[in-house]
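S.K.: See structure-v3.pdb below, with PDB, C-alpha atoms, pLDDT in the B column.
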MODEL        1
ATOM      1  CA  MET A   1      88.986  84.876 100.736  1.00 41.00           C
ATOM      2  CA  ARG A   2      91.027  84.713 103.937  1.00 41.00           C
ATOM      3  CA  LEU A   3      88.873  84.970 107.083  1.00 37.00           C
ATOM      4  CA  ARG A   4      89.893  87.931 109.262  1.00 41.00           C
ATOM      5  CA  LEU A   5      89.386  87.740 112.994  1.00 33.00           C
ATOM      6  CA  THR A   6      90.755  91.213 113.818  1.00 36.00           C
ATOM      7  CA  PRO A   7      89.738  94.728 112.757  1.00 39.00           C
ATOM      8  CA  ARG A   8      91.839  96.530 110.168  1.00 53.00           C
ATOM      9  CA  GLU A   9      93.078 100.093 109.759  1.00 61.00           C
ATOM     10  CA  ASP A  10      91.142 101.115 106.637  1.00 70.00           C
ATOM     11  CA  GLY A  11      92.245 104.751 106.384  1.00 87.00           C
ATOM     12  CA  PHE A  12      95.080 103.661 104.101  1.00 91.00           C
ATOM     13  CA  TYR A  13      92.653 103.168 101.215  1.00 93.00           C
ATOM     14  CA  ASP A  14      91.645 106.828 101.147  1.00 94.00           C
ATOM     15  CA  LEU A  15      95.279 107.914 101.277  1.00 96.00           C
ATOM     16  CA  PHE A  16      96.213 105.656  98.366  1.00 97.00           C
ATOM     17  CA  ALA A  17      93.243 107.029  96.416  1.00 96.00           C
ATOM     18  CA  ASP A  18      94.364 110.602  97.148  1.00 97.00           C
ATOM     19  CA  SER A  19      97.865 109.810  95.916  1.00 98.00           C
ATOM     20  CA  ALA A  20      96.591 108.200  92.713  1.00 98.00           C
ATOM     21  CA  ASN A  21      94.147 111.036  91.988  1.00 98.00           C
ATOM     22  CA  ASN A  22      96.976 113.522  92.432  1.00 98.00           C
ATOM     23  CA  ILE A  23      98.942 111.600  89.804  1.00 98.00           C
ATOM     24  CA  VAL A  24      96.017 111.926  87.389  1.00 98.00           C
ATOM     25  CA  THR A  25      96.196 115.701  87.875  1.00 98.00           C
ATOM     26  CA  GLY A  26      99.929 115.602  87.191  1.00 98.00           C
ATOM     27  CA  ALA A  27      99.514 113.531  84.028  1.00 98.00           C
ATOM     28  CA  ARG A  28      96.912 115.947  82.677  1.00 98.00           C
ATOM     29  CA  LEU A  29      99.235 118.843  83.413  1.00 98.00           C
ATOM     30  CA  LEU A  30     101.896 117.083  81.350  1.00 97.00           C
ATOM     31  CA  VAL A  31      99.480 116.933  78.420  1.00 96.00           C
ATOM     32  CA  GLU A  32      98.984 120.682  78.771  1.00 96.00           C
ATOM     33  CA  LEU A  33     102.716 121.289  79.084  1.00 96.00           C
ATOM     34  CA  ILE A  34     103.584 119.781  75.733  1.00 93.00           C
ATOM     35  CA  SER A  35     100.705 121.448  73.885  1.00 90.00           C
ATOM     36  CA  ASP A  36     101.485 124.214  71.414  1.00 85.00           C
ATOM     37  CA  GLY A  37     101.391 127.667  72.954  1.00 88.00           C
ATOM     38  CA  ALA A  38     101.375 126.376  76.523  1.00 91.00           C
ATOM     39  CA  ASP A  39     102.623 128.575  79.352  1.00 95.00           C
ATOM     40  CA  ARG A  40     105.184 125.990  80.350  1.00 96.00           C
ATOM     41  CA  GLU A  41     106.625 127.821  83.319  1.00 96.00           C
ATOM     42  CA  ALA A  42     103.169 128.229  84.875  1.00 97.00           C
ATOM     43  CA  ILE A  43     102.324 124.581  84.236  1.00 97.00           C
ATOM     44  CA  ALA A  44     105.664 123.423  85.631  1.00 97.00           C
ATOM     45  CA  GLU A  45     104.876 125.387  88.782  1.00 97.00           C
ATOM     46  CA  LYS A  46     101.568 123.517  89.061  1.00 98.00           C
ATOM     47  CA  MET A  47     103.484 120.271  88.572  1.00 98.00           C
ATOM     48  CA  ARG A  48     105.750 121.189  91.470  1.00 98.00           C
ATOM     49  CA  ALA A  49     102.657 121.765  93.611  1.00 98.00           C
ATOM     50  CA  CYS A  50     101.395 118.313  92.579  1.00 98.00           C
ATOM     51  CA  GLU A  51     104.736 116.771  93.470  1.00 98.00           C
ATOM     52  CA  HIS A  52     104.592 118.396  96.912  1.00 98.00           C
ATOM     53  CA  ALA A  53     101.022 117.134  97.355  1.00 98.00           C
ATOM     54  CA  GLY A  54     102.224 113.659  96.415  1.00 97.00           C
ATOM     55  CA  ASP A  55     104.979 113.883  99.013  1.00 97.00           C
ATOM     56  CA  GLU A  56     102.388 114.834 101.618  1.00 97.00           C
ATOM     57  CA  CYS A  57     100.267 111.797 100.700  1.00 96.00           C
ATOM     58  CA  THR A  58     103.312 109.541 100.969  1.00 97.00           C
ATOM     59  CA  HIS A  59     104.307 110.990 104.332  1.00 97.00           C
ATOM     60  CA  ALA A  60     100.736 110.575 105.594  1.00 96.00           C
ATOM     61  CA  ILE A  61     100.702 106.902 104.551  1.00 96.00           C
ATOM     62  CA  LEU A  62     104.075 106.210 106.174  1.00 95.00           C
ATOM     63  CA  HIS A  63     103.078 108.082 109.330  1.00 94.00           C
ATOM     64  CA  ARG A  64      99.881 106.043 109.577  1.00 93.00           C
ATOM     65  CA  LEU A  65     101.903 102.902 108.941  1.00 92.00           C
ATOM     66  CA  ASN A  66     104.220 103.723 111.833  1.00 91.00           C
ATOM     67  CA  GLU A  67     101.277 104.496 114.116  1.00 89.00           C
ATOM     68  CA  SER A  68      99.095 101.510 113.193  1.00 85.00           C
ATOM     69  CA  PHE A  69      99.236  98.176 114.947  1.00 85.00           C
ATOM     70  CA  ILE A  70      96.818  96.547 112.502  1.00 88.00           C
ATOM     71  CA  THR A  71      97.137  97.176 108.746  1.00 88.00           C
ATOM     72  CA  PRO A  72      94.858  96.131 105.855  1.00 90.00           C
ATOM     73  CA  PHE A  73      97.685  94.158 104.225  1.00 88.00           C
ATOM     74  CA  ASP A  74     101.392  93.542 104.734  1.00 92.00           C
ATOM     75  CA  ARG A  75     103.342  96.523 106.021  1.00 93.00           C
ATOM     76  CA  GLU A  76     106.070  96.003 103.435  1.00 95.00           C
ATOM     77  CA  ASP A  77     103.508  96.104 100.629  1.00 95.00           C
ATOM     78  CA  ILE A  78     101.993  99.319 102.004  1.00 95.00           C
ATOM     79  CA  TYR A  79     105.438 100.900 102.078  1.00 96.00           C
ATOM     80  CA  ASP A  80     106.245  99.696  98.539  1.00 97.00           C
ATOM     81  CA  LEU A  81     102.946 100.907  97.093  1.00 97.00           C
ATOM     82  CA  ALA A  82     103.272 104.349  98.695  1.00 97.00           C
ATOM     83  CA  SER A  83     106.863 104.718  97.501  1.00 97.00           C
ATOM     84  CA  GLN A  84     106.086 103.583  93.963  1.00 98.00           C
ATOM     85  CA  LEU A  85     103.177 106.008  93.608  1.00 98.00           C
ATOM     86  CA  ASP A  86     105.520 108.734  94.822  1.00 98.00           C
ATOM     87  CA  ASP A  87     108.096 107.683  92.208  1.00 98.00           C
ATOM     88  CA  VAL A  88     105.560 108.119  89.397  1.00 98.00           C
ATOM     89  CA  MET A  89     104.850 111.707  90.429  1.00 98.00           C
ATOM     90  CA  ASP A  90     108.524 112.484  90.922  1.00 98.00           C
ATOM     91  CA  TYR A  91     109.456 111.316  87.418  1.00 98.00           C
ATOM     92  CA  MET A  92     106.630 113.237  85.774  1.00 98.00           C
ATOM     93  CA  GLU A  93     107.500 116.426  87.647  1.00 98.00           C
ATOM     94  CA  GLU A  94     111.175 116.030  86.753  1.00 98.00           C
ATOM     95  CA  ALA A  95     110.331 115.673  83.058  1.00 98.00           C
ATOM     96  CA  ALA A  96     108.212 118.836  83.156  1.00 97.00           C
ATOM     97  CA  ASP A  97     110.931 120.721  85.010  1.00 97.00           C
ATOM     98  CA  LEU A  98     113.580 119.682  82.480  1.00 98.00           C
ATOM     99  CA  VAL A  99     111.472 120.955  79.567  1.00 97.00           C
ATOM    100  CA  VAL A 100     111.373 124.374  81.220  1.00 97.00           C
ATOM    101  CA  LEU A 101     114.966 124.442  82.488  1.00 97.00           C
ATOM    102  CA  TYR A 102     116.382 123.438  79.109  1.00 97.00           C
ATOM    103  CA  LYS A 103     114.059 125.870  77.314  1.00 95.00           C
ATOM    104  CA  ILE A 104     112.962 123.177  74.872  1.00 94.00           C
ATOM    105  CA  ASP A 105     110.752 124.896  72.318  1.00 88.00           C
ATOM    106  CA  LYS A 106     109.632 121.914  70.254  1.00 90.00           C
ATOM    107  CA  LEU A 107     109.349 118.317  71.370  1.00 94.00           C
ATOM    108  CA  PRO A 108     109.236 115.341  68.978  1.00 94.00           C
ATOM    109  CA  SER A 109     105.662 114.390  68.128  1.00 92.00           C
ATOM    110  CA  ASP A 110     105.965 110.960  69.766  1.00 96.00           C
ATOM    111  CA  VAL A 111     106.455 112.631  73.153  1.00 97.00           C
ATOM    112  CA  LEU A 112     102.710 113.308  73.063  1.00 96.00           C
ATOM    113  CA  ARG A 113     102.153 109.564  72.675  1.00 97.00           C
ATOM    114  CA  GLN A 114     104.402 108.947  75.673  1.00 97.00           C
ATOM    115  CA  VAL A 115     102.376 111.368  77.749  1.00 98.00           C
ATOM    116  CA  GLU A 116      99.076 109.893  76.558  1.00 97.00           C
ATOM    117  CA  VAL A 117     100.259 106.480  77.785  1.00 98.00           C
ATOM    118  CA  LEU A 118     101.046 108.054  81.159  1.00 98.00           C
ATOM    119  CA  GLU A 119      97.666 109.761  81.323  1.00 98.00           C
ATOM    120  CA  ARG A 120      95.844 106.502  80.635  1.00 98.00           C
ATOM    121  CA  ALA A 121      97.967 104.598  83.162  1.00 98.00           C
ATOM    122  CA  ALA A 122      97.228 107.297  85.745  1.00 98.00           C
ATOM    123  CA  GLU A 123      93.484 107.035  85.144  1.00 98.00           C
ATOM    124  CA  LEU A 124      93.524 103.241  85.406  1.00 98.00           C
ATOM    125  CA  THR A 125      95.564 103.379  88.605  1.00 98.00           C
ATOM    126  CA  ALA A 126      93.181 105.868  90.196  1.00 98.00           C
ATOM    127  CA  GLU A 127      90.210 103.697  89.188  1.00 96.00           C
ATOM    128  CA  ALA A 128      91.882 100.643  90.740  1.00 96.00           C
ATOM    129  CA  MET A 129      92.512 102.158  94.168  1.00 94.00           C
ATOM    130  CA  PRO A 130      88.902 101.957  95.458  1.00 91.00           C
ATOM    131  CA  ARG A 131      88.891  98.262  94.498  1.00 92.00           C
ATOM    132  CA  LEU A 132      91.818  97.510  96.817  1.00 91.00           C
ATOM    133  CA  LYS A 133      89.478  97.216  99.780  1.00 88.00           C
ATOM    134  CA  ALA A 134      87.552  94.294  98.304  1.00 84.00           C
ATOM    135  CA  MET A 135      90.475  93.000  96.212  1.00 84.00           C
ATOM    136  CA  ARG A 136      88.124  92.396  93.318  1.00 82.00           C
ATOM    137  CA  GLU A 137      88.136  93.213  89.605  1.00 83.00           C
ATOM    138  CA  LEU A 138      91.829  94.089  89.583  1.00 93.00           C
ATOM    139  CA  ASN A 139      93.078  91.560  87.007  1.00 92.00           C
ATOM    140  CA  GLU A 140      92.218  93.705  84.032  1.00 95.00           C
ATOM    141  CA  TYR A 141      93.926  96.671  85.657  1.00 96.00           C
ATOM    142  CA  TRP A 142      97.386  95.147  85.961  1.00 95.00           C
ATOM    143  CA  ILE A 143      97.105  93.421  82.567  1.00 96.00           C
ATOM    144  CA  GLU A 144      96.291  96.746  80.890  1.00 98.00           C
ATOM    145  CA  ILE A 145      99.082  98.561  82.751  1.00 98.00           C
ATOM    146  CA  ASN A 146     101.515  95.922  81.511  1.00 97.00           C
ATOM    147  CA  ARG A 147     100.259  96.454  77.954  1.00 98.00           C
ATOM    148  CA  LEU A 148     100.665 100.210  78.300  1.00 98.00           C
ATOM    149  CA  GLU A 149     104.189  99.771  79.637  1.00 98.00           C
ATOM    150  CA  ASN A 150     105.075  97.673  76.590  1.00 98.00           C
ATOM    151  CA  GLN A 151     103.574 100.346  74.359  1.00 98.00           C
ATOM    152  CA  GLY A 152     105.583 102.979  76.204  1.00 98.00           C
ATOM    153  CA  ASP A 153     108.776 100.978  75.633  1.00 98.00           C
ATOM    154  CA  GLN A 154     108.121 100.902  71.899  1.00 98.00           C
ATOM    155  CA  ILE A 155     107.492 104.653  71.767  1.00 98.00           C
ATOM    156  CA  HIS A 156     110.643 105.286  73.795  1.00 98.00           C
ATOM    157  CA  ARG A 157     112.762 103.202  71.396  1.00 98.00           C
ATOM    158  CA  ARG A 158     111.363 105.050  68.381  1.00 98.00           C
ATOM    159  CA  LEU A 159     112.120 108.375  70.039  1.00 98.00           C
ATOM    160  CA  LEU A 160     115.701 107.327  70.766  1.00 98.00           C
ATOM    161  CA  ALA A 161     116.144 106.179  67.166  1.00 97.00           C
ATOM    162  CA  ARG A 162     114.922 109.558  65.948  1.00 96.00           C
ATOM    163  CA  LEU A 163     117.154 111.482  68.361  1.00 97.00           C
ATOM    164  CA  PHE A 164     120.231 109.645  67.110  1.00 96.00           C
ATOM    165  CA  SER A 165     119.280 109.836  63.420  1.00 96.00           C
ATOM    166  CA  GLY A 166     121.258 113.036  62.839  1.00 95.00           C
ATOM    167  CA  GLU A 167     118.139 115.206  62.740  1.00 94.00           C
ATOM    168  CA  TYR A 168     119.085 116.965  65.998  1.00 95.00           C
ATOM    169  CA  GLU A 169     122.189 118.773  67.186  1.00 95.00           C
ATOM    170  CA  PRO A 170     124.182 116.860  69.850  1.00 96.00           C
ATOM    171  CA  LEU A 171     123.280 119.285  72.670  1.00 96.00           C
ATOM    172  CA  GLU A 172     119.593 119.063  71.758  1.00 96.00           C
ATOM    173  CA  VAL A 173     119.838 115.271  71.752  1.00 97.00           C
ATOM    174  CA  MET A 174     121.160 115.332  75.330  1.00 97.00           C
ATOM    175  CA  LYS A 175     118.352 117.603  76.512  1.00 97.00           C
ATOM    176  CA  LEU A 176     115.561 115.701  74.795  1.00 98.00           C
ATOM    177  CA  GLN A 177     116.872 112.306  75.872  1.00 98.00           C
ATOM    178  CA  GLN A 178     116.716 113.292  79.539  1.00 98.00           C
ATOM    179  CA  VAL A 179     113.074 114.313  79.126  1.00 98.00           C
ATOM    180  CA  ILE A 180     111.966 111.175  77.308  1.00 98.00           C
ATOM    181  CA  ASP A 181     113.946 108.974  79.708  1.00 98.00           C
ATOM    182  CA  ARG A 182     112.132 110.479  82.707  1.00 98.00           C
ATOM    183  CA  LEU A 183     108.789 109.887  80.984  1.00 98.00           C
ATOM    184  CA  GLU A 184     109.839 106.289  80.372  1.00 98.00           C
ATOM    185  CA  ASP A 185     110.825 105.987  84.040  1.00 98.00           C
ATOM    186  CA  ALA A 186     107.320 107.145  84.983  1.00 98.00           C
ATOM    187  CA  THR A 187     105.784 104.486  82.724  1.00 98.00           C
ATOM    188  CA  ASP A 188     107.963 101.829  84.343  1.00 98.00           C
ATOM    189  CA  ALA A 189     106.960 103.107  87.801  1.00 98.00           C
ATOM    190  CA  PHE A 190     103.279 102.601  86.936  1.00 98.00           C
ATOM    191  CA  GLU A 191     104.072  98.966  86.157  1.00 98.00           C
ATOM    192  CA  HIS A 192     105.821  98.641  89.531  1.00 98.00           C
ATOM    193  CA  VAL A 193     102.633  99.934  91.180  1.00 98.00           C
ATOM    194  CA  ALA A 194     100.548  97.380  89.283  1.00 97.00           C
ATOM    195  CA  ASN A 195     102.956  94.561  90.146  1.00 97.00           C
ATOM    196  CA  THR A 196     102.735  95.441  93.835  1.00 96.00           C
ATOM    197  CA  ILE A 197      98.931  95.491  93.706  1.00 95.00           C
ATOM    198  CA  GLU A 198      98.984  92.089  92.004  1.00 95.00           C
ATOM    199  CA  THR A 199     101.255  90.793  94.775  1.00 94.00           C
ATOM    200  CA  ILE A 200      98.898  92.143  97.428  1.00 92.00           C
ATOM    201  CA  ALA A 201      95.885  90.594  95.704  1.00 90.00           C
ATOM    202  CA  VAL A 202      97.577  87.192  95.509  1.00 90.00           C
ATOM    203  CA  LYS A 203      98.480  87.312  99.200  1.00 87.00           C
ATOM    204  CA  GLU A 204      94.954  88.349 100.191  1.00 81.00           C
ATOM    205  CA  SER A 205      93.162  85.764  98.050  1.00 74.00           C
TER
ENDMDL
END
Output the file's structure in the form of structure tokens.
M.R.:
Amino acid sequence: MRLRLTPREDGFYDLFADSANNIVTGARLLVELISDGADREAIAEKMRACEHAGDECTHAILHRLNESFITPFDREDIYDLASQLDDVMDYMEEAADLVVLYKIDKLPSDVLRQVEVLERAAELTAEAMPRLKAMRELNEYWIEINRLENQGDQIHRRLLARLFSGEYEPLEVMKLQQVIDRLEDATDAFEHVANTIETIAVKES
């Protein structure tokens, strides 16, 4: 472990934890959104509130970054991590919004599997944030996120194959593809978060 001779600005850790916990809330709202009989408009409104809360977390991190002379790790990595967490929330909120805007009544069953992957990735990311301070026990986190991302890719490909099988009308295909693509973008964004944390851990070791 690198010996530090100067104090560090540790408030970043709480802000990253807040951002990640907000994403967990968003992922669980997505699970509700795609459930049968869900009040999708009400849930989408809650998702928008989560997205705004995520923006506030990101702005708080960047404001602290601009105001801090000493940071717990590289400034560029702090910026990347904050932005990537924000991307996850943005993609999830966009997917929820599209379901409502396009008035999609029934989603393919594998969309639930997509969302379950996101929910698990969100939980793992939130669990990892408190460990940033010590930079310990993070290996399993980024390995599992990578596995989930691979699983998400497979689900996404199966969904695309089904959409283009002739089962759906062309207009419905366009609507559904935008939703599943945004969910896939969110899965990819979780991997970007994990890759950045791995980079930070390597630098700090």
S.K.: Which of these, A:Gly152, A:Pro108, A:Gly54, A:Pro130, has the shortest distance to Glu172 in chain A once you count only C-alpha atoms?
M.R.: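 The closest residue to Glu172 in chain A is A:Pro108.
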S.K.: Which residues are close to Glu41 in chain A, i.e. within 12 Å by only C-alpha atoms, leaving aside same-chain residues fewer than 3 positions away? Reply as a compact mmCIF listing (two decimals) with C-alpha atoms, keeping the file's coordinate frame.
M.R.:
# COMPACT_ATOMS: atom_id res chain seq x y z
CA LEU A 29 99.24 118.84 83.41
CA LEU A 30 101.90 117.08 81.35
CA GLU A 32 98.98 120.68 78.77
CA LEU A 33 102.72 121.29 79.08
CA ILE A 34 103.58 119.78 75.73
CA GLY A 37 101.39 127.67 72.95
CA ALA A 38 101.38 126.38 76.52
CA ALA A 44 105.66 123.42 85.63
CA GLU A 45 104.88 125.39 88.78
CA LYS A 46 101.57 123.52 89.06
CA MET A 47 103.48 120.27 88.57
CA ARG A 48 105.75 121.19 91.47
CA ALA A 96 108.21 118.84 83.16
CA ASP A 97 110.93 120.72 85.01
CA LEU A 98 113.58 119.68 82.48
CA VAL A 99 111.47 120.96 79.57
CA VAL A 100 111.37 124.37 81.22
CA LEU A 101 114.97 124.44 82.49
CA TYR A 102 116.38 123.44 79.11
CA LYS A 103 114.06 125.87 77.31
CA ILE A 104 112.96 123.18 74.87
S.K.: When distances are computed from only C-alpha atoms, which of A:Ser109, A:Gln178, A:Ser165, A:Gln84 shows the smallest separation from Asn195 in chain A?
M.R.: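 Selected residue with least distance to Asn195 in chain A: A:Gln84.
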S.K.: In file coordinates, which residues lie within 12 Å of (93.2, 99.6, 84.8) using only C-alpha atoms, given as a ChimeraX atom specification?
M.R.: /A:119-131,137-148,190-191,193-194,197-198
S.K.: Which is closest to Glu149 in chain A among A:Ala189, A:Met174, A:Leu62, A:Leu163, if we use all atoms listed in the file?
M.R.: A:Ala189
S.K.: Padding of 8 Å on every side, edges along x, y and z, all listed atoms of range 185-203 of chain A included: what centre and edge lengths in Å, to one decimal, does that box have, as lines of an AutoDock Vina configuration file?
M.R.:
center_x = 103.4
center_y = 97.2
center_z = 91.0
size_x = 30.9
size_y = 36.0
size_z = 32.5
S.K.: Tell me, in Å to one decimal, how far CA of Thr187 in chain A is from CA of Gly166 in chain A.
M.R.: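 So the two atoms, CA of Thr187 in chain A and CA of Gly166 in chain A, lie 26.6 Å apart.
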S.K.: Which residue, A:Val88, A:Leu176, A:Leu183, A:Ile78, has the smallest gap to Phe164 in chain A when you use all atoms listed in the file?
M.R.: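 Among A:Val88, A:Leu176, A:Leu183, A:Ile78, it is A:Leu176 that comes nearest to Phe164 in chain A.
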S.K.: Go through A:Leu132, A:Leu107, A:Val115, A:Leu81 and flag the residue nearest Val24 in chain A, using all atoms listed in the file for the distances.
M.R.: A:Val115
S.K.: Translate the PyMOL selection byres ((chain A and resi 64) around 12), as applied to the file shown, into an explicit residue set as a PyMOL selection string.
M.R.: chain A and resi 9-16+57-63+65-72+75+78-79+82
S.K.: Let me make sure I understand: among A:Ala20, A:Lys203, A:Arg28, A:Glu51, which one has the smallest atom-to-atom distance to Asp90 in chain A if we use all atoms listed in the file?
M.R.: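 Of A:Ala20, A:Lys203, A:Arg28, A:Glu51, the one nearest Asp90 in chain A is A:Glu51, counting all atoms listed in the file.
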S.K.: What is the distance, in Å and to one decimal place, between CA of Arg136 in chain A and CA of Ala201 in chain A?
M.R.: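 Interatomic distance here is 8.3 Å.
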S.K.: Any idea what the distance is between CA of Cys50 in chain A and CA of Arg182 in chain A?
M.R.: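 Going from CA of Cys50 in chain A over to CA of Arg182 in chain A covers 16.6 Å.
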